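Chemist: Next comes model-v4.cif, mmCIF, C-alpha atoms:
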data_work
loop_
_atom_site.group_PDB
_atom_site.id
_atom_site.type_symbol
_atom_site.label_atom_id
_atom_site.label_comp_id
_atom_site.auth_asym_id
_atom_site.auth_seq_id
_atom_site.Cartn_x
_atom_site.Cartn_y
_atom_site.Cartn_z
ATOM 1 C CA THR A 1 0.000 0.000 0.000
ATOM 2 C CA PRO A 2 1.240 3.532 -0.725
ATOM 3 C CA PRO A 3 2.267 5.656 2.270
ATOM 4 C CA SER A 4 -0.276 8.081 3.653
ATOM 5 C CA PRO A 5 0.244 11.691 2.575
ATOM 6 C CA ALA A 6 1.890 13.861 5.200
ATOM 7 C CA PRO A 7 -0.522 16.194 6.962
ATOM 8 C CA SER A 8 -0.307 19.679 5.527
ATOM 9 C CA ALA A 9 -0.105 22.894 7.507
ATOM 10 C CA PRO A 10 -3.499 24.438 8.223
ATOM 11 C CA SER A 11 -4.511 26.974 5.632
ATOM 12 C CA PRO A 12 -5.743 30.370 6.777
ATOM 13 C CA PRO A 13 -9.499 30.719 7.084
ATOM 14 C CA ALA A 14 -11.178 32.450 4.165
ATOM 15 C CA PRO A 15 -11.822 36.177 4.618
ATOM 16 C CA GLN A 16 -15.221 36.907 6.098
ATOM 17 C CA GLU A 17 -17.569 39.789 5.585
ATOM 18 C CA THR A 18 -17.201 42.350 8.334
ATOM 19 C CA GLN A 19 -20.309 42.554 10.469
ATOM 20 C CA ILE A 20 -21.430 44.623 13.420
ATOM 21 C CA GLU A 21 -21.796 42.656 16.629
ATOM 22 C CA PRO A 22 -24.518 44.336 18.727
ATOM 23 C CA GLY A 23 -23.291 45.259 22.198
ATOM 24 C CA VAL A 24 -19.658 44.387 21.443
ATOM 25 C CA ARG A 25 -17.080 47.191 21.489
ATOM 26 C CA LEU A 26 -13.351 47.204 21.933
ATOM 27 C CA LYS A 27 -11.141 50.187 22.561
ATOM 28 C CA LEU A 28 -7.816 49.759 20.784
ATOM 29 C CA THR A 29 -5.024 52.133 21.840
ATOM 30 C CA ILE A 30 -1.788 52.380 19.875
ATOM 31 C CA LEU A 31 0.786 52.517 22.692
ATOM 32 C CA GLU A 32 3.836 52.371 20.439
ATOM 33 C CA SER A 33 4.318 51.849 16.692
ATOM 34 C CA PRO A 34 7.101 53.376 14.568
ATOM 35 C CA ASP A 35 5.878 56.003 12.080
ATOM 36 C CA TYR A 36 2.180 55.509 12.953
ATOM 37 C CA GLN A 37 0.290 58.673 11.940
ATOM 38 C CA GLY A 38 -3.341 57.767 12.661
ATOM 39 C CA PRO A 39 -5.600 58.309 15.686
ATOM 40 C CA PRO A 40 -4.194 57.012 18.997
ATOM 41 C CA GLN A 41 -7.463 55.233 19.868
ATOM 42 C CA ILE A 42 -9.964 53.309 17.756
ATOM 43 C CA GLN A 43 -13.382 51.922 18.688
ATOM 44 C CA ILE A 44 -13.923 48.485 17.141
ATOM 45 C CA THR A 45 -17.509 47.324 16.666
ATOM 46 C CA GLN A 46 -17.187 45.244 13.492
ATOM 47 C CA PHE A 47 -15.569 41.841 13.246
ATOM 48 C CA PRO A 48 -13.397 40.361 11.910
ATOM 49 C CA PHE A 49 -10.954 43.287 12.235
ATOM 50 C CA LEU A 50 -7.587 42.967 10.479
ATOM 51 C CA ILE A 51 -4.338 44.593 11.631
ATOM 52 C CA GLY A 52 -1.186 44.743 9.514
ATOM 53 C CA ARG A 53 0.879 46.791 7.067
ATOM 54 C CA SER A 54 -1.524 46.753 4.105
ATOM 55 C CA GLN A 55 -5.074 45.859 3.069
ATOM 56 C CA THR A 56 -6.243 45.851 6.698
ATOM 57 C CA HIS A 57 -8.620 47.898 8.872
ATOM 58 C CA LEU A 58 -5.709 49.254 10.946
ATOM 59 C CA VAL A 59 -2.619 49.934 8.826
ATOM 60 C CA LEU A 60 0.715 50.133 10.669
ATOM 61 C CA ALA A 61 4.000 51.318 9.112
ATOM 62 C CA ASP A 62 6.292 49.156 11.285
ATOM 63 C CA LYS A 63 8.356 46.924 8.947
ATOM 64 C CA GLN A 64 8.332 44.161 11.595
ATOM 65 C CA VAL A 65 4.553 43.922 11.233
ATOM 66 C CA SER A 66 3.387 41.527 8.500
ATOM 67 C CA ARG A 67 1.107 42.746 5.704
ATOM 68 C CA GLN A 68 -1.770 40.895 7.353
ATOM 69 C CA HIS A 69 -0.462 40.264 10.862
ATOM 70 C CA LEU A 70 -3.472 39.428 13.011
ATOM 71 C CA ARG A 71 -7.242 39.327 13.070
ATOM 72 C CA LEU A 72 -9.656 40.106 15.899
ATOM 73 C CA GLU A 73 -12.699 37.826 15.737
ATOM 74 C CA TYR A 74 -15.906 37.630 17.704
ATOM 75 C CA ARG A 75 -17.078 34.065 18.266
ATOM 76 C CA GLN A 76 -19.021 32.244 20.936
ATOM 77 C CA GLY A 77 -19.619 35.466 22.862
ATOM 78 C CA ARG A 78 -15.924 36.419 23.157
ATOM 79 C CA VAL A 79 -13.268 38.337 21.259
ATOM 80 C CA HIS A 80 -10.382 36.213 19.970
ATOM 81 C CA ILE A 81 -6.916 37.099 18.654
ATOM 82 C CA VAL A 82 -5.793 35.143 15.583
ATOM 83 C CA ASP A 83 -2.177 35.433 14.437
ATOM 84 C CA LEU A 84 -2.102 35.120 10.638
ATOM 85 C CA GLU A 85 1.255 33.304 10.586
ATOM 86 C CA SER A 86 3.096 36.598 10.978
ATOM 87 C CA LYS A 87 6.870 36.538 10.507
ATOM 88 C CA ASN A 88 7.656 38.290 13.821
ATOM 89 C CA LYS A 89 4.757 36.856 15.831
ATOM 90 C CA THR A 90 1.966 38.255 17.972
ATOM 91 C CA PHE A 91 2.158 38.265 21.759
ATOM 92 C CA ILE A 92 -0.618 38.765 24.328
ATOM 93 C CA ASP A 93 0.968 40.166 27.494
ATOM 94 C CA ASP A 94 4.309 38.586 26.387
ATOM 95 C CA THR A 95 2.783 35.152 25.656
ATOM 96 C CA PRO A 96 3.167 34.113 21.983
ATOM 97 C CA VAL A 97 -0.020 33.465 20.010
ATOM 98 C CA PRO A 98 0.174 30.267 17.895
ATOM 99 C CA PRO A 99 -0.566 30.847 14.170
ATOM 100 C CA PHE A 100 -4.208 30.391 13.132
ATOM 101 C CA LYS A 101 -5.285 29.308 16.640
ATOM 102 C CA PRO A 102 -7.913 31.717 18.024
ATOM 103 C CA VAL A 103 -6.993 32.808 21.554
ATOM 104 C CA PRO A 104 -9.787 34.419 23.612
ATOM 105 C CA ILE A 105 -9.012 37.625 25.464
ATOM 106 C CA GLU A 106 -10.274 37.754 29.024
ATOM 107 C CA GLY A 107 -10.168 41.508 29.583
ATOM 108 C CA PRO A 108 -7.778 44.370 28.982
ATOM 109 C CA CYS A 109 -4.504 43.166 27.473
ATOM 110 C CA THR A 110 -1.456 44.417 25.616
ATOM 111 C CA LEU A 111 -0.603 43.006 22.196
ATOM 112 C CA ARG A 112 2.903 43.121 20.820
ATOM 113 C CA LEU A 113 3.412 42.738 17.071
ATOM 114 C CA GLY A 114 7.046 41.991 16.337
ATOM 115 C CA HIS A 115 9.457 43.833 18.632
ATOM 116 C CA ARG A 116 8.306 47.464 18.505
ATOM 117 C CA THR A 117 4.540 47.770 18.048
ATOM 118 C CA ARG A 118 2.378 47.589 21.175
ATOM 119 C CA LEU A 119 -1.417 47.864 21.210
ATOM 120 C CA ARG A 120 -3.782 47.916 24.196
ATOM 121 C CA ILE A 121 -7.167 46.241 23.797
ATOM 122 C CA GLU A 122 -9.947 46.884 26.288
ATOM 123 C CA PRO A 123 -13.506 45.552 26.090
ATOM 124 C CA GLN A 124 -16.026 48.390 26.507
ATOM 125 C CA ASP A 125 -19.516 48.233 27.989
ATOM 126 C CA GLU A 126 -22.364 49.568 25.840
#
Please express the file's structure as structure tokens.
Modeler:
Amino acid sequence: TPPSPAPSAPSPPAPQETQIEPGVRLKLTILESPDYQGPPQIQITQFPFLIGRSQTHLVLADKQVSRQHLRLEYRQGRVHIVDLESKNKTFIDDTPVPPFKPVPIEGPCTLRLGHRTRLRIEPQDE
């Protein structure tokens, strides 16, 4: 019998339409990001929400941030962080996020993208 094919790496989930989640709001604060010129705080009410260097909802100029670095998702009543197999990784409060594995956030937290970009995410009450 021929050998079984080796399991392949998981492919990224297909892009989803952005939709408003009633009663769900996040405050995202850019704590540190080289050459960032936009507003220091953003209210997020639509998910999924992409963060990266291009073709994302939040565009960052930091060269250590991947083009599509991470995605915020709302599923099963909670917000999740999904690293999109970024070259320099995503960290939640200094804990690395595994690629394509949604990690729920439990409350306010600091995200680090690469070595220099830091974002604060805080759930907001309606």
Chemist: Find the residue from A:Lys87, A:His80, A:Arg118, A:Arg75 that sits nearest to Leu28 of chain A; use all atoms listed in the file when measuring.
Modeler: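 Between A:Lys87, A:His80, A:Arg118, A:Arg75, the residue approaching Leu28 of chain A most closely is A:Arg118.
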Chemist: As an exercise, work out the distance from atom CA of Pro96 of chain A to atom CA of Pro22 of chain A in Å and give it to one decimal place.
Modeler: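 Computing the Euclidean distance for atom CA of Pro96 of chain A and atom CA of Pro22 of chain A yields 29.7 Å.
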Chemist: I'd like the neighbourhood of Pro123 of chain A as a list in words, where a residue qualifies if any of its atoms comes within 9 Å (using only C-alpha atoms), though same-chain residues fewer than 3 positions away should be ignored.
Modeler: Val24, Arg25, Leu26, Lys27, Leu28, Val79, Glu106, Gly107 and Pro108 of chain A
Chemist: Taking the file as I've supplied it (selection: the PyMOL selection byres ((chain A and resi 94) around 9)), which residues are included? Please answer as a list in words.
Modeler: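 Going through the file, the PyMOL selection byres ((chain A and resi 94) around 9) ends up selecting Thr90, Phe91, Ile92, Asp93, Thr95, Pro96, Thr110, Leu111 and Arg112 of chain A.
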Chemist: Could you list, as a list in words, every residue matched by the PyMOL selection byres ((chain A and resi 117) around 10) in this structure?
Modeler: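 The output of the PyMOL selection byres ((chain A and resi 117) around 10) on this file is Ile30, Leu31, Glu32, Ser33, Pro34, Tyr36, Leu60, Ala61, Asp62, Lys63, Gln64, Val65, Thr90, Leu111, Arg112, Leu113, Gly114, His115, Arg116, Arg118 and Leu119 of chain A.
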Chemist: Let me make sure I understand: among A:Thr29, A:Pro104, A:Leu84, A:Thr56, which one has the smallest atom-to-atom distance to Glu122 of chain A if we use all atoms listed in the file?
Modeler: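 Among A:Thr29, A:Pro104, A:Leu84, A:Thr56, it is A:Thr29 that comes nearest to Glu122 of chain A.
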Chemist: Smallest atom-to-atom distance to Ser86 of chain A: which of A:Val59, A:Cys109, A:Ile51, A:Leu72, using all atoms listed in the file?
Modeler: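 Using all atoms listed in the file, Ser86 of chain A sits closest to A:Ile51.
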Chemist: May I ask which of the residues A:Ile105, A:Val97, A:Ile42, A:Ser54 is the closest one to Glu73 of chain A, counting all atoms listed in the file?
Modeler: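 Using all atoms listed in the file, the shortest distance to Glu73 of chain A belongs to A:Ile105.
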Chemist: Report the centre and edge lengths, in Å to one decimal, of an axis-aligned box enclosing every atom of segment 47-55 of chain A listed in the file, padded by 6 Å on each side, as JSON.
Modeler:
{"center_x": -7.3, "center_y": 43.6, "center_z": 8.2, "size_x": 28.4, "size_y": 18.4, "size_z": 22.2}
Chemist: Report the distance between atom CA of Ile81 of chain A and atom CA of Gln68 of chain A in Å, rounded to one decimal place.
Modeler: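 Atom CA of Gln68 of chain A lies 13.0 Å from atom CA of Ile81 of chain A.
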Chemist: To one decimal place, how far is atom CA of Gly52 of chain A from atom CA of Ser66 of chain A in Å?
Modeler: 5.7 Å
